[in-house]
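Asks: Input: one structure, supplied below.
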Amino acid sequence: MPLETPVRIVTELARRGYNAEQEAVTLLSGAGVPEHAVEAVVDHAADDALRITAADVRAALAESGADEDRSANGTAGGSAAEAASGETAPRTDPDEHPFVSTGDQSSETVGAGDKTGLRDGSETVAETADSIPPGAVEEAARGSAADAADAVDRTADPSLRSLDIVGDVTGRSTGTGEYGDFVTVFRDRYEKLSKQLRGRVNHRPTEAIGSMSGGSDAAIVGLVNDIRSTKNGHWIVELEDTTGTFPCLVMKDRKFAGLVEELLLDECVAVEGTLSDDGEIVFVDSMYFPDVPRTHTPNTADRHVQAALVSDLHVGSREFEAGAWDRFASWLHSEAAASVEYLLIAGDMVEGVGVYPGQDEELDIVDIYDQYEAFSERLKDVPGDMEVVMIPGNHDAVRLAEPQPGFDETLRDIMSAHDARITGNPSLVTVEGVNVLMYHGVSLDEVIAELPEEKASYEEPHKAMYQLLKKRHVAPQFGGKTRLAPEERDYLVMEEVPDVFHTGHVHKLGWGKYHNVLAVNSGCWQAQTDFQKSVNIDPDVAHAPILDLDTLDMTVRKFAYSSG
């Protein structure tokens, strides 16, 4: 197969055991006959070489005479080249793409034009492939990407990059499932979240409140142990701390009564109110969540650099959008993507095996290790000089209970392309000073199921993410739809306010700002499966949110063909 694109050159070099500098790939793709150029540089490389440099390519081409005029081979047509190079189309009317959630435009979502908010361009879906006829999908897109890559100049100094990870459970899991483990993790949750609430209320332990006289002012910080309604439509919320439990009555006519509908069991809240005359219950006057401070000022990078946020590839599924991924990878090699130096993947690299009933009928690759081999080949398609961070999801071959440790050594060896950083789910990844909380997002199903539609829905997944930010916990409800593992500490608490919250799982695209935190659910790379049809999931496929780390502005690029 001709090596007419940077993607194929990178793949061929990787097959031969080499990584390569971006400039080296550009030089090889610009040679008259790239196949000959690759052979020449491999022959020229030292026996112990692992990385092909631009100097290696120049020396090999000079020795072999393989650097012929590129134009002799011809290139793909103009419209296909523009499409595959990722050029942004004119601003798109949201009505033309009703499947794209453009974010909550309420007062808590910073609108276009604000330096800290989503700029005009971030509300645009950049069309990258719609102009190409469906019959010429893969070859037209991939062939023309070489033209775009001829001019690419990824000149960033790797020493300018910084990437740190905290909150990774990998290698630290201690839970055995015994009763003591559950006590330990809930105590740790209470201690961490109650610290964020104690400054707002003059709280006392429930044991002490039980001995206070009726009519006294009272405040409690506790985990939600029970929620029930009275025959008159009021609410009783039972809170638990380390000393006991206490019932709190929220009257239905109070302005904040609607907050009860947002409560999940086991989350931490604070209430203030007055003890009843008999001292048996607190009449609630106000309720507080740990929440993100409205004064939160996000961190930004010191230079113009970008990160691509993706999730849910599901390689191994018959519905994996291989052509769209090829177009995305080719675009990453283009001049338009020269500033994209980080790729953050939020789980579900592969389709997995036995995840749901009848899944075997929807698999293109039936062996789990072969699925990861195929994913690794796809990962090799992206530029070799990018920093890649990956967390697992519920389809991946790790334990289902959260927090999920990163992949084992066998899978790490398979997915060794680009020396990707593999960490647990969730993890707080600091990219050039910007704190990105990466969480696959299984608990979003629970939030959407439990809360009113206007508070959380699949069509606007970022609103469900707002709820997790408000609760400062990525999976607060224990014993529900989300499987949780008891550990010595609660790795699922948001101890530090993130600047960006990145999730996947629900296969829907949505983003917005909550108290200056950018919440992004990045959709998927898998077309609708029969199983998804049966549960009424209409996925948003092959979109890549591109985040400017210096401004936290974001543009969404689309790599799928429109159905029309």
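Convention: chains lettered A, B, ... in structure tokens order; per-chain residue numbering from 1; ligands numbered from 1 as shown.
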At a cut-off of 7 Å, using only C-alpha atoms, what residues contact A:Ile391? Leave out same-chain residues fewer than 3 positions from it and give the result as JSON, numbers by chain.
Replies: {"A": [345, 346, 347, 406, 422, 423, 424, 425]}
Asks: For stretch 233-267 of chain A against stretch 194-199 of chain A, with a cut-off of 12 Å and counting only C-alpha atoms, what is the closest atom pair and its distance in Å to one decimal for every residue that makes the cut, ordered by chain and number, as a tab-separated table?
Replies:
```
residue	atom	partner	partner_atom	distance
A:Glu240	CA	A:Ser194	CA	11.6
A:Asp241	CA	A:Ser194	CA	9.4
A:Thr242	CA	A:Ser194	CA	11.1
A:Glu267	CA	A:Ser194	CA	10.5
```
Asks: Would you mind exporting C-alpha atoms of the selected residues as an mmCIF file, in the first residue's frame?
Replies:
```
data_model
loop_
_atom_site.group_PDB
_atom_site.id
_atom_site.type_symbol
_atom_site.label_atom_id
_atom_site.label_comp_id
_atom_site.auth_asym_id
_atom_site.auth_seq_id
_atom_site.Cartn_x
_atom_site.Cartn_y
_atom_site.Cartn_z
ATOM 1 C CA GLU A 240 -25.432 11.126 59.282
ATOM 2 C CA ASP A 241 -22.088 12.144 60.730
ATOM 3 C CA THR A 242 -19.495 10.212 62.731
ATOM 4 C CA GLU A 267 -23.504 12.888 49.327
#
```
Asks: Using 9 Å as the limit and counting only C-alpha atoms, can you tabulate each residue of stretch 502-554 of chain A that touches stretch 358-377 of chain A, with its shortest atom-to-atom distance in Å and the two atoms involved, as a Markdown table?
Replies:
```
| residue | atom | partner | partner_atom | distance |
| --- | --- | --- | --- | --- |
| A:Thr529 | CA | A:Glu362 | CA | 7.3 |
| A:Asp530 | CA | A:Glu362 | CA | 7.8 |
| A:Phe531 | CA | A:Gln359 | CA | 7.8 |
```
Asks: If we count only C-alpha atoms, what is near A:Gly233 at a cut-off of 10 Å, once residues fewer than 5 positions away on the same chain are taken out, given as number ranges by chain?
Replies: A: 228, 250-253
Asks: When you look at stretch 442-453 of chain A with a cut-off of 7 Å (counting only C-alpha atoms), what residues show up, excluding the ones that are within fewer than 5 positions of it in the same chain? I need them as a PyMOL selection string.
Replies: chain A and resi 261-262+464+475+481-482+505
Asks: Quote the spacing between atom CA of A:Gly222 and atom CA of A:His296 in Å to one decimal place.
Replies: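 Taking atom CA of A:Gly222 as the start and atom CA of A:His296 as the end point, the length is 24.4 Å.
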Asks: Go ahead and compute the interatomic distance for atom CA of A:Ala54 and atom CA of A:Glu21, in Å to one decimal.
Replies: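 Calculated distance between atom CA of A:Ala54 and atom CA of A:Glu21 is 6.7 Å.
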Asks: Skip A:Thr174 itself and residues of its chain fewer than 6 positions away, then list as a compact mmCIF listing (two decimals) with C-alpha atoms, in the first residue's frame all residues within 9 Å of it, counting only C-alpha atoms.
Replies:
```txt
# COMPACT_ATOMS: atom_id res chain seq x y z
CA ASP A 181 -13.25 -0.90 54.55
CA PRO A 486 -14.16 0.70 49.39
CA GLU A 487 -10.58 1.89 49.80
CA GLU A 488 -8.53 3.41 52.60
```
Asks: Just want the 12 Å neighbourhood of stretch 40-50 of chain A, counted on only C-alpha atoms, with same-chain residues fewer than 4 positions away dropped. Output as a ChimeraX atom specification.
Replies: /A:9,12-21,24-25,27-28,31,33-36,54-67,418
Asks: Using only C-alpha atoms, which protein or nucleic acid residues come within 10 Å of A:Ser162? Drop anything in the same chain fewer than 4 positions from it, and give the result as a list in words.
Replies: Pro158, Ala301, Glu387, Thr430, Val431, Glu432, Gly433 and Val434 of chain A
Asks: Check the smallest atom-to-atom distance from each of A:Leu309, A:Leu332, A:Leu163, A:Leu400 to A:Val520 using only C-alpha atoms, then report the winner.
Replies: A:Leu309
Asks: Determine the nearest neighbour of A:Asp408 from the options A:Thr170, A:Leu492, A:Arg204, A:Leu549, counting only C-alpha atoms.
Replies: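 Comparing A:Thr170, A:Leu492, A:Arg204, A:Leu549 against A:Asp408, the winner is A:Thr170.
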Asks: At what distance in Å, to one decimal, does atom CA of A:Asp326 lie from atom CA of A:Ala37?
Replies: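 According to the coordinates, atom CA of A:Ala37 and atom CA of A:Asp326 are separated by 22.7 Å.
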Asks: From stretch 361-466 of chain A, collect each residue whose DSSP state is strand (DSSP E) and return the set as an mmCIF file with C-alpha atoms, in the first residue's frame.
Replies:
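What landed in part12.cif:
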```
data_model
loop_
_atom_site.group_PDB
_atom_site.id
_atom_site.type_symbol
_atom_site.label_atom_id
_atom_site.label_comp_id
_atom_site.auth_asym_id
_atom_site.auth_seq_id
_atom_site.Cartn_x
_atom_site.Cartn_y
_atom_site.Cartn_z
ATOM 1 C CA GLU A 387 1.760 13.590 24.879
ATOM 2 C CA VAL A 388 -1.009 11.020 25.394
ATOM 3 C CA VAL A 389 -2.901 10.394 28.667
ATOM 4 C CA MET A 390 -5.404 7.540 28.989
ATOM 5 C CA ILE A 391 -7.772 6.383 31.727
ATOM 6 C CA ARG A 421 0.705 7.984 30.285
ATOM 7 C CA ILE A 422 -1.758 5.457 31.678
ATOM 8 C CA SER A 427 -7.322 11.159 37.909
ATOM 9 C CA LEU A 428 -6.486 14.837 38.143
ATOM 10 C CA VAL A 429 -4.101 15.599 35.283
ATOM 11 C CA THR A 430 -2.262 18.923 35.425
ATOM 12 C CA VAL A 431 -1.322 19.950 31.877
ATOM 13 C CA VAL A 434 -4.300 23.547 33.917
ATOM 14 C CA ASN A 435 -6.016 21.020 36.190
ATOM 15 C CA VAL A 436 -8.054 18.577 34.100
ATOM 16 C CA LEU A 437 -10.183 16.101 36.056
ATOM 17 C CA MET A 438 -10.512 13.025 33.854
#
```
Asks: Find the residue from A:Phe501, A:Tyr491, A:Tyr356, A:Phe559 that sits nearest to A:Arg189; use only C-alpha atoms when measuring.
Replies: A:Tyr491
